[in-house]
Every structure is written in C-alpha cells, then in structure tokens.
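Enquirer: I'm passing along data.cif; it holds mmCIF, C-alpha atoms.
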data_model
loop_
_atom_site.group_PDB
_atom_site.id
_atom_site.type_symbol
_atom_site.label_atom_id
_atom_site.label_comp_id
_atom_site.auth_asym_id
_atom_site.auth_seq_id
_atom_site.Cartn_x
_atom_site.Cartn_y
_atom_site.Cartn_z
ATOM 1 C CA MET A 1 -5.805 -13.436 18.247
ATOM 2 C CA LYS A 2 -4.424 -9.957 18.780
ATOM 3 C CA GLN A 3 -0.629 -9.811 18.509
ATOM 4 C CA THR A 4 1.886 -7.512 20.134
ATOM 5 C CA PHE A 5 3.639 -4.979 17.920
ATOM 6 C CA TRP A 6 6.847 -7.025 17.688
ATOM 7 C CA GLU A 7 4.957 -10.252 17.003
ATOM 8 C CA ALA A 8 2.998 -8.561 14.224
ATOM 9 C CA LEU A 9 6.164 -7.034 12.777
ATOM 10 C CA ALA A 10 7.893 -10.424 12.826
ATOM 11 C CA HIS A 11 4.933 -12.175 11.184
ATOM 12 C CA ARG A 12 4.247 -9.495 8.566
ATOM 13 C CA ARG A 13 4.969 -10.930 5.148
ATOM 14 C CA SER A 14 3.810 -10.530 1.568
ATOM 15 C CA CYS A 15 0.696 -12.698 1.332
ATOM 16 C CA TYR A 16 -0.489 -13.361 -2.208
ATOM 17 C CA SER A 17 -3.083 -16.033 -1.455
ATOM 18 C CA LEU A 18 -5.995 -14.138 0.114
ATOM 19 C CA ASP A 19 -9.768 -14.375 0.227
ATOM 20 C CA LYS A 20 -12.690 -12.219 1.337
ATOM 21 C CA ASN A 21 -13.530 -14.173 4.509
ATOM 22 C CA ILE A 22 -12.269 -11.669 7.050
ATOM 23 C CA THR A 23 -13.680 -11.378 10.553
ATOM 24 C CA VAL A 24 -13.111 -7.636 10.977
ATOM 25 C CA THR A 25 -15.576 -5.062 9.654
ATOM 26 C CA PRO A 26 -14.970 -2.398 6.995
ATOM 27 C CA GLU A 27 -15.373 0.140 9.790
ATOM 28 C CA HIS A 28 -12.466 -1.475 11.651
ATOM 29 C CA ILE A 29 -10.274 -1.351 8.538
ATOM 30 C CA ARG A 30 -11.204 2.304 8.138
ATOM 31 C CA HIS A 31 -10.235 2.908 11.768
ATOM 32 C CA ILE A 32 -6.812 1.296 11.190
ATOM 33 C CA VAL A 33 -6.174 3.464 8.137
ATOM 34 C CA GLU A 34 -7.403 6.670 9.785
ATOM 35 C CA GLN A 35 -5.281 6.049 12.880
ATOM 36 C CA ALA A 36 -2.185 5.308 10.804
ATOM 37 C CA VAL A 37 -2.709 8.378 8.603
ATOM 38 C CA THR A 38 -3.130 10.532 11.711
ATOM 39 C CA LEU A 39 -0.200 9.144 13.713
ATOM 40 C CA THR A 40 2.483 8.462 11.075
ATOM 41 C CA PRO A 41 5.122 11.225 11.086
ATOM 42 C CA SER A 42 6.041 13.313 8.051
ATOM 43 C CA ALA A 43 8.797 15.827 7.295
ATOM 44 C CA PHE A 44 7.840 19.378 8.309
ATOM 45 C CA ASN A 45 4.558 17.815 9.496
ATOM 46 C CA SER A 46 3.503 18.041 5.862
ATOM 47 C CA GLN A 47 0.802 15.344 6.215
ATOM 48 C CA SER A 48 0.869 14.880 2.441
ATOM 49 C CA ALA A 49 -0.171 11.197 2.418
ATOM 50 C CA ARG A 50 -3.640 10.324 1.169
ATOM 51 C CA THR A 51 -5.411 6.955 1.096
ATOM 52 C CA VAL A 52 -8.432 5.380 -0.554
ATOM 53 C CA VAL A 53 -9.908 2.137 0.802
ATOM 54 C CA LEU A 54 -11.805 0.008 -1.706
ATOM 55 C CA PHE A 55 -14.237 -2.768 -0.782
ATOM 56 C CA GLY A 56 -16.662 -4.919 -2.755
ATOM 57 C CA GLY A 57 -17.300 -3.887 -6.333
ATOM 58 C CA HIS A 58 -14.930 -0.920 -6.036
ATOM 59 C CA HIS A 59 -12.077 -3.254 -5.075
ATOM 60 C CA GLU A 60 -12.847 -5.624 -7.945
ATOM 61 C CA THR A 61 -13.129 -2.700 -10.379
ATOM 62 C CA LEU A 62 -9.571 -1.644 -9.535
ATOM 63 C CA TRP A 63 -8.147 -4.994 -10.568
ATOM 64 C CA ARG A 64 -10.384 -5.181 -13.642
ATOM 65 C CA ILE A 65 -9.050 -1.759 -14.717
ATOM 66 C CA THR A 66 -5.501 -2.958 -14.098
ATOM 67 C CA ALA A 67 -6.087 -6.116 -16.141
ATOM 68 C CA ASP A 68 -7.593 -4.139 -19.023
ATOM 69 C CA ILE A 69 -4.616 -1.806 -19.141
ATOM 70 C CA LEU A 70 -2.021 -4.579 -18.879
ATOM 71 C CA ARG A 71 -3.804 -6.627 -21.555
ATOM 72 C CA GLY A 72 -2.766 -3.926 -24.029
ATOM 73 C CA LEU A 73 0.840 -3.912 -22.827
ATOM 74 C CA VAL A 74 1.778 -7.497 -21.996
ATOM 75 C CA PRO A 75 2.510 -9.912 -24.868
ATOM 76 C CA PRO A 76 -0.514 -12.197 -25.435
ATOM 77 C CA ALA A 77 1.471 -15.340 -24.632
ATOM 78 C CA ALA A 78 2.484 -13.929 -21.250
ATOM 79 C CA PHE A 79 -0.839 -12.352 -20.300
ATOM 80 C CA PRO A 80 -2.526 -15.451 -18.771
ATOM 81 C CA LYS A 81 0.108 -15.478 -16.004
ATOM 82 C CA THR A 82 -0.423 -11.745 -15.429
ATOM 83 C CA ALA A 83 -4.193 -12.226 -15.366
ATOM 84 C CA GLU A 84 -3.868 -15.014 -12.794
ATOM 85 C CA LYS A 85 -1.803 -12.762 -10.539
ATOM 86 C CA LEU A 86 -4.308 -9.908 -10.825
ATOM 87 C CA GLN A 87 -7.184 -12.284 -10.102
ATOM 88 C CA SER A 88 -5.447 -13.292 -6.881
ATOM 89 C CA PHE A 89 -5.530 -9.645 -5.819
ATOM 90 C CA ALA A 90 -9.188 -9.320 -6.811
ATOM 91 C CA ALA A 91 -9.967 -12.387 -4.677
ATOM 92 C CA ALA A 92 -8.901 -10.447 -1.566
ATOM 93 C CA ALA A 93 -11.299 -8.529 0.685
ATOM 94 C CA GLY A 94 -10.217 -5.044 -0.341
ATOM 95 C CA THR A 95 -7.411 -2.779 -1.463
ATOM 96 C CA ILE A 96 -5.844 0.285 0.115
ATOM 97 C CA LEU A 97 -4.503 2.852 -2.354
ATOM 98 C CA PHE A 98 -1.674 5.118 -1.199
ATOM 99 C CA PHE A 99 -1.158 8.589 -2.673
ATOM 100 C CA GLU A 100 0.875 11.734 -2.123
ATOM 101 C CA GLU A 101 -0.801 15.145 -2.371
ATOM 102 C CA MET A 102 1.711 16.812 -4.696
ATOM 103 C CA ASN A 103 0.309 20.309 -4.127
ATOM 104 C CA THR A 104 1.531 20.015 -0.533
ATOM 105 C CA VAL A 105 4.959 18.808 -1.624
ATOM 106 C CA GLU A 106 5.298 21.566 -4.227
ATOM 107 C CA ASP A 107 4.177 24.213 -1.731
ATOM 108 C CA LEU A 108 6.944 23.141 0.648
ATOM 109 C CA GLN A 109 9.448 23.270 -2.213
ATOM 110 C CA THR A 110 8.425 26.877 -2.864
ATOM 111 C CA ARG A 111 8.460 27.915 0.795
ATOM 112 C CA PHE A 112 11.759 26.205 1.635
ATOM 113 C CA PRO A 113 13.875 26.308 -1.550
ATOM 114 C CA ALA A 114 17.025 25.173 0.243
ATOM 115 C CA TYR A 115 15.341 21.759 0.701
ATOM 116 C CA LYS A 116 13.570 21.690 -2.662
ATOM 117 C CA ASP A 117 15.151 18.453 -3.860
ATOM 118 C CA ASN A 118 14.510 16.717 -0.552
ATOM 119 C CA PHE A 119 10.751 17.162 -0.215
ATOM 120 C CA PRO A 120 9.766 14.543 -2.842
ATOM 121 C CA VAL A 121 12.160 12.085 -1.181
ATOM 122 C CA TRP A 122 10.861 12.874 2.291
ATOM 123 C CA SER A 123 7.255 12.507 1.160
ATOM 124 C CA GLN A 124 8.027 9.045 -0.235
ATOM 125 C CA GLN A 125 9.726 8.089 3.023
ATOM 126 C CA ALA A 126 6.692 9.180 5.052
ATOM 127 C CA ASN A 127 4.383 7.293 2.702
ATOM 128 C CA GLY A 128 6.530 4.194 3.168
ATOM 129 C CA MET A 129 6.195 4.525 6.939
ATOM 130 C CA LEU A 130 2.422 4.801 6.528
ATOM 131 C CA GLN A 131 2.317 1.681 4.365
ATOM 132 C CA SER A 132 4.362 -0.245 6.915
ATOM 133 C CA ASN A 133 2.249 0.933 9.850
ATOM 134 C CA ILE A 134 -0.973 -0.141 8.143
ATOM 135 C CA TRP A 135 0.527 -3.450 7.045
ATOM 136 C CA VAL A 136 1.653 -4.300 10.590
ATOM 137 C CA ALA A 137 -1.730 -3.245 12.002
ATOM 138 C CA LEU A 138 -3.507 -5.526 9.519
ATOM 139 C CA GLU A 139 -1.182 -8.375 10.490
ATOM 140 C CA ALA A 140 -1.928 -7.746 14.173
ATOM 141 C CA ASP A 141 -5.591 -8.434 13.377
ATOM 142 C CA GLY A 142 -4.779 -11.659 11.554
ATOM 143 C CA LEU A 143 -5.038 -10.237 8.037
ATOM 144 C CA GLY A 144 -2.600 -10.704 5.182
ATOM 145 C CA ALA A 145 -1.548 -8.161 2.564
ATOM 146 C CA SER A 146 0.980 -7.419 -0.141
ATOM 147 C CA LEU A 147 2.251 -4.211 -1.668
ATOM 148 C CA GLN A 148 1.846 -3.679 -5.412
ATOM 149 C CA HIS A 149 3.055 -0.955 -7.769
ATOM 150 C CA TYR A 150 1.044 -0.774 -10.977
ATOM 151 C CA ASN A 151 1.468 2.989 -10.992
ATOM 152 C CA PRO A 152 1.959 4.984 -13.163
ATOM 153 C CA LEU A 153 0.244 2.677 -15.683
ATOM 154 C CA ILE A 154 -3.120 2.861 -13.906
ATOM 155 C CA ASP A 155 -2.909 6.402 -12.481
ATOM 156 C CA GLU A 156 -5.203 8.206 -14.923
ATOM 157 C CA ALA A 157 -7.825 5.454 -14.899
ATOM 158 C CA VAL A 158 -7.877 5.329 -11.081
ATOM 159 C CA THR A 159 -8.176 9.106 -10.813
ATOM 160 C CA ALA A 160 -11.057 9.134 -13.296
ATOM 161 C CA GLN A 161 -12.883 6.103 -11.859
ATOM 162 C CA TRP A 162 -13.081 7.502 -8.323
ATOM 163 C CA ASP A 163 -13.037 11.211 -9.219
ATOM 164 C CA LEU A 164 -9.895 11.901 -7.216
ATOM 165 C CA PRO A 165 -7.913 15.149 -7.264
ATOM 166 C CA LYS A 166 -5.406 15.247 -10.105
ATOM 167 C CA SER A 167 -2.794 16.436 -7.604
ATOM 168 C CA TRP A 168 -2.902 13.051 -5.847
ATOM 169 C CA LYS A 169 0.003 10.913 -7.084
ATOM 170 C CA LEU A 170 -0.546 7.173 -6.790
ATOM 171 C CA ILE A 171 2.287 5.471 -4.883
ATOM 172 C CA ALA A 172 1.184 1.889 -4.157
ATOM 173 C CA GLN A 173 -1.696 -0.560 -3.909
ATOM 174 C CA MET A 174 -2.199 -2.928 -0.937
ATOM 175 C CA PRO A 175 -4.676 -5.792 -1.430
ATOM 176 C CA PHE A 176 -5.634 -7.352 1.914
ATOM 177 C CA GLY A 177 -7.726 -10.247 3.135
ATOM 178 C CA ARG A 178 -7.684 -13.544 4.987
ATOM 179 C CA PRO A 179 -4.491 -15.517 4.265
ATOM 180 C CA THR A 180 -5.303 -18.874 2.694
ATOM 181 C CA ALA A 181 -1.689 -20.096 2.482
ATOM 182 C CA GLN A 182 1.456 -19.492 4.451
ATOM 183 C CA PRO A 183 4.186 -17.453 2.738
ATOM 184 C CA GLY A 184 7.463 -19.225 2.051
ATOM 185 C CA ASP A 185 10.609 -18.891 4.117
ATOM 186 C CA LYS A 186 12.559 -15.667 3.865
ATOM 187 C CA ASP A 187 16.323 -15.250 4.197
ATOM 188 C CA THR A 188 17.281 -12.552 6.670
ATOM 189 C CA LEU A 189 20.790 -11.176 7.122
ATOM 190 C CA PRO A 190 22.009 -11.129 10.730
ATOM 191 C CA ALA A 191 21.331 -7.810 12.445
ATOM 192 C CA THR A 192 25.023 -7.689 13.410
ATOM 193 C CA GLU A 193 25.868 -7.253 9.708
ATOM 194 C CA ARG A 194 23.420 -4.368 9.328
ATOM 195 C CA VAL A 195 23.634 -2.460 12.592
ATOM 196 C CA LYS A 196 26.638 -0.637 14.073
ATOM 197 C CA VAL A 197 26.536 0.740 17.600
ATOM 198 C CA PHE A 198 29.097 3.133 19.113
ATOM 199 C CA GLN A 199 28.933 3.833 22.852
#
Spell out the structure here as structure tokens.

Expert:
Amino acid sequence: MKQTFWEALAHRRSCYSLDKNITVTPEHIRHIVEQAVTLTPSAFNSQSARTVVLFGGHHETLWRITADILRGLVPPAAFPKTAEKLQSFAAAAGTILFFEEMNTVEDLQTRFPAYKDNFPVWSQQANGMLQSNIWVALEADGLGASLQHYNPLIDEAVTAQWDLPKSWKLIAQMPFGRPTAQPGDKDTLPATERVKVFQ
C-alpha cells in the first residue's frame, strides 16, 4: 500500500530483519534512486553525491568483502556476532552505496576559498538528505532499510571490486528488502523541547 510522505516518514525506521522477497522490481528501485539523486538539493548546486545500487551476487559480494575484512580486525571470540549481523544484511534484497565525488568538492574549495572549510561539511549534509529521501521513498513502497557505515575499512576493496573512480569517497551503505520483523519502540523527545518559534 502506497503511503503519503508523512506516513512514510513516521514509519521509517532502521529495519535489520530483511529478506529478498520484495514486490517491486530492480527498475523501480533504480527509478527511486535516480529521482532522489536528481531532486535532492546540494550547496552551490554541486551535485557531488554518487550512488551504486547492488543486487543479487553483487549485493552478496559486498557483505562477503566486509566480513573478510572484519575477520582480520575483530577478535575471534567476538567475530561470530559480527558475522551474524553481516549475514542479516546479505539476506536483504540489495544495498545502495552512497559516495561523494571529492573532485567536485575540491574544485569548489579552489574556486571559492572563503568557504573552503564548509564544502566538505555541506557535501555531507547533502548526502544525508539524499540518504533520507531514498529511505523514506523505500518505506513508502513497503520496504525496510538500515544505514551502515563500514567505511573507511571497506573503501579500497569496494572501489576495486566495482572499478569505481578513486575520487568517489564512500559515505554509507543501505541494505534494503522486505521487513520480516517489526522494529522495537523508539523514544522521541517532544517537538516542543526541540523547536522554538518566534512570531
């Protein structure tokens, strides 16, 4: 059932229990990502965000790479819990990788030196908006997702595996699929404690 924007925003949660049994097509997921990339604003209209959508064996390869890298870093006694978490991501239908094109960011730093320190911050903010827009759009179609950050540990391996430009900086990973369990309750501070209005 298609949800309104506010319904989808309210229902959007981190879903860790996902499977591959989604009713939307890869083409529809691609459409969501392309629309979000096109419509999400960015400082100076820099459009520095980049995405990669992984399905099937490509998706599973990402989490196998991540497990291989973490196996060498996590103490052996603790690794089974890590492996179980990574397997839950691999069980999903796909993963969206979020990047920033650092050549664009660095070019803006050169062209507008007065804002040099701000451009990396602004690019991260725009990427965060993109992540949120895609996440809400997935929720609106009945899909679940979570946001993961195994960067920079997996950056070089990801770049090599999919032959991506070295100027693309990995920001986050979003496994998505059909939710197979409801997320737990979440405490939310009252809006009156977080919003001030002067009129």

Enquirer: Mind telling me what the PyMOL selection byres ((chain A and resi 33) around 9) catches here, as a list in words?

Expert: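 Here the PyMOL selection byres ((chain A and resi 33) around 9) matches His28, Ile29, Arg30, His31, Ile32, Glu34, Gln35, Ala36, Val37, Thr38, Thr51, Val53, Ile96, Leu130, Asn133, Ile134 and Ala137 of chain A.
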
Enquirer: Could you tell me how far CA of Arg64 (chain A) sits from CA of Gln131 (chain A), in Å to one decimal place?

Expert: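 Taking CA of Gln131 (chain A) as the start and CA of Arg64 (chain A) as the end point, the length is 23.1 Å.
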
Enquirer: One decimal, in Å: what's the spacing between CA of Cys15 (chain A) and CA of Arg194 (chain A)?

Expert: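 Rounded to one decimal, the two atoms are 25.5 Å apart.
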
Enquirer: Care to translate the PyMOL selection byres ((chain A and resi 93) around 6) into actual residues of this file, as number ranges by chain?

Expert: A: 20, 92, 94, 176-177

Enquirer: Taking only residues of region 43-123 of chain A that have an atom at most 9 Å from an atom of region 150-173 of chain A, what is each one's shortest atom pair and its distance in Å to one decimal, using only C-alpha atoms, in chain and number order, as JSON lines?

Expert:
{"residue": "A:Ala49", "atom": "CA", "partner": "A:Trp168", "partner_atom": "CA", "distance": 8.9}
{"residue": "A:Arg50", "atom": "CA", "partner": "A:Trp168", "partner_atom": "CA", "distance": 7.6}
{"residue": "A:His58", "atom": "CA", "partner": "A:Trp162", "partner_atom": "CA", "distance": 8.9}
{"residue": "A:Thr61", "atom": "CA", "partner": "A:Gln161", "partner_atom": "CA", "distance": 8.9}
{"residue": "A:Leu62", "atom": "CA", "partner": "A:Val158", "partner_atom": "CA", "distance": 7.3}
{"residue": "A:Ile65", "atom": "CA", "partner": "A:Ala157", "partner_atom": "CA", "distance": 7.3}
{"residue": "A:Thr66", "atom": "CA", "partner": "A:Ile154", "partner_atom": "CA", "distance": 6.3}
{"residue": "A:Ile69", "atom": "CA", "partner": "A:Ile154", "partner_atom": "CA", "distance": 7.2}
{"residue": "A:Leu70", "atom": "CA", "partner": "A:Leu153", "partner_atom": "CA", "distance": 8.2}
{"residue": "A:Thr95", "atom": "CA", "partner": "A:Gln173", "partner_atom": "CA", "distance": 6.6}
{"residue": "A:Ile96", "atom": "CA", "partner": "A:Gln173", "partner_atom": "CA", "distance": 5.8}
{"residue": "A:Leu97", "atom": "CA", "partner": "A:Gln173", "partner_atom": "CA", "distance": 4.7}
{"residue": "A:Phe98", "atom": "CA", "partner": "A:Ala172", "partner_atom": "CA", "distance": 5.2}
{"residue": "A:Phe99", "atom": "CA", "partner": "A:Leu170", "partner_atom": "CA", "distance": 4.4}
{"residue": "A:Glu100", "atom": "CA", "partner": "A:Lys169", "partner_atom": "CA", "distance": 5.1}
{"residue": "A:Glu101", "atom": "CA", "partner": "A:Trp168", "partner_atom": "CA", "distance": 4.6}
{"residue": "A:Met102", "atom": "CA", "partner": "A:Ser167", "partner_atom": "CA", "distance": 5.4}
{"residue": "A:Asn103", "atom": "CA", "partner": "A:Ser167", "partner_atom": "CA", "distance": 6.1}

Enquirer: Which is closest to Gly184 (chain A) among A:Phe198, A:Glu7, A:Thr82, A:Ser14, if we use only C-alpha atoms?

Expert: A:Ser14

Enquirer: Excluding Gln125 (chain A) and its own-chain neighbours fewer than 5 positions away, which residues fall within 9 Å of it when counting all atoms listed in the file? Please give them as a PyMOL selection string.

Expert: chain A and resi 42-43+120+130

Enquirer: Please complete region 10-34 of chain A so it has N, CA and C atoms, and hand it over as an mmCIF file, in the frame of the given file.

Expert:
data_model
loop_
_atom_site.group_PDB
_atom_site.id
_atom_site.type_symbol
_atom_site.label_atom_id
_atom_site.label_comp_id
_atom_site.auth_asym_id
_atom_site.auth_seq_id
_atom_site.Cartn_x
_atom_site.Cartn_y
_atom_site.Cartn_z
ATOM 1 N N ALA A 10 7.165 -9.208 13.195
ATOM 2 C CA ALA A 10 7.893 -10.424 12.826
ATOM 3 C C ALA A 10 7.106 -11.292 11.859
ATOM 4 N N HIS A 11 5.779 -11.320 12.013
ATOM 5 C CA HIS A 11 4.933 -12.175 11.184
ATOM 6 C C HIS A 11 4.516 -11.527 9.870
ATOM 7 N N ARG A 12 4.664 -10.199 9.773
ATOM 8 C CA ARG A 12 4.247 -9.495 8.566
ATOM 9 C C ARG A 12 5.054 -9.972 7.366
ATOM 10 N N ARG A 13 4.342 -10.439 6.370
ATOM 11 C CA ARG A 13 4.969 -10.930 5.148
ATOM 12 C C ARG A 13 4.089 -10.551 3.959
ATOM 13 N N SER A 14 4.621 -10.705 2.774
ATOM 14 C CA SER A 14 3.810 -10.530 1.568
ATOM 15 C C SER A 14 2.954 -11.771 1.380
ATOM 16 N N CYS A 15 1.637 -11.591 1.501
ATOM 17 C CA CYS A 15 0.696 -12.698 1.332
ATOM 18 C C CYS A 15 -0.042 -12.514 0.006
ATOM 19 N N TYR A 16 0.122 -13.459 -0.888
ATOM 20 C CA TYR A 16 -0.489 -13.361 -2.208
ATOM 21 C C TYR A 16 -1.736 -14.230 -2.341
ATOM 22 N N SER A 17 -1.910 -15.165 -1.421
ATOM 23 C CA SER A 17 -3.083 -16.033 -1.455
ATOM 24 C C SER A 17 -4.047 -15.551 -0.376
ATOM 25 N N LEU A 18 -5.064 -14.788 -0.802
ATOM 26 C CA LEU A 18 -5.995 -14.138 0.114
ATOM 27 C C LEU A 18 -7.429 -14.375 -0.344
ATOM 28 N N ASP A 19 -8.363 -14.347 0.615
ATOM 29 C CA ASP A 19 -9.768 -14.375 0.227
ATOM 30 C C ASP A 19 -10.538 -13.310 0.995
ATOM 31 N N LYS A 20 -11.845 -13.280 0.789
ATOM 32 C CA LYS A 20 -12.690 -12.219 1.337
ATOM 33 C C LYS A 20 -13.245 -12.549 2.729
ATOM 34 N N ASN A 21 -12.933 -13.711 3.259
ATOM 35 C CA ASN A 21 -13.530 -14.173 4.509
ATOM 36 C C ASN A 21 -12.813 -13.606 5.729
ATOM 37 N N ILE A 22 -12.908 -12.303 5.904
ATOM 38 C CA ILE A 22 -12.269 -11.669 7.050
ATOM 39 C C ILE A 22 -13.290 -11.497 8.179
ATOM 40 N N THR A 23 -12.788 -11.479 9.399
ATOM 41 C CA THR A 23 -13.680 -11.378 10.553
ATOM 42 C C THR A 23 -13.818 -9.944 11.057
ATOM 43 N N VAL A 24 -12.996 -9.031 10.559
ATOM 44 C CA VAL A 24 -13.111 -7.636 10.977
ATOM 45 C C VAL A 24 -14.020 -6.895 10.001
ATOM 46 N N THR A 25 -14.620 -5.815 10.458
ATOM 47 C CA THR A 25 -15.576 -5.062 9.654
ATOM 48 C C THR A 25 -14.867 -4.012 8.797
ATOM 49 N N PRO A 26 -15.525 -3.529 7.746
ATOM 50 C CA PRO A 26 -14.970 -2.398 6.995
ATOM 51 C C PRO A 26 -14.715 -1.184 7.885
ATOM 52 N N GLU A 27 -15.565 -0.994 8.878
ATOM 53 C CA GLU A 27 -15.373 0.140 9.790
ATOM 54 C C GLU A 27 -14.069 -0.007 10.569
ATOM 55 N N HIS A 28 -13.723 -1.242 10.928
ATOM 56 C CA HIS A 28 -12.466 -1.475 11.651
ATOM 57 C C HIS A 28 -11.271 -1.202 10.741
ATOM 58 N N ILE A 29 -11.356 -1.641 9.492
ATOM 59 C CA ILE A 29 -10.274 -1.351 8.538
ATOM 60 C C ILE A 29 -10.129 0.156 8.372
ATOM 61 N N ARG A 30 -11.248 0.841 8.252
ATOM 62 C CA ARG A 30 -11.204 2.304 8.138
ATOM 63 C C ARG A 30 -10.527 2.917 9.357
ATOM 64 N N HIS A 31 -10.851 2.397 10.542
ATOM 65 C CA HIS A 31 -10.235 2.908 11.768
ATOM 66 C C HIS A 31 -8.716 2.720 11.730
ATOM 67 N N ILE A 32 -8.253 1.545 11.299
ATOM 68 C CA ILE A 32 -6.812 1.296 11.190
ATOM 69 C C ILE A 32 -6.162 2.339 10.284
ATOM 70 N N VAL A 33 -6.760 2.541 9.112
ATOM 71 C CA VAL A 33 -6.174 3.464 8.137
ATOM 72 C C VAL A 33 -6.198 4.894 8.668
ATOM 73 N N GLU A 34 -7.309 5.300 9.261
ATOM 74 C CA GLU A 34 -7.403 6.670 9.785
ATOM 75 C C GLU A 34 -6.406 6.898 10.917
#
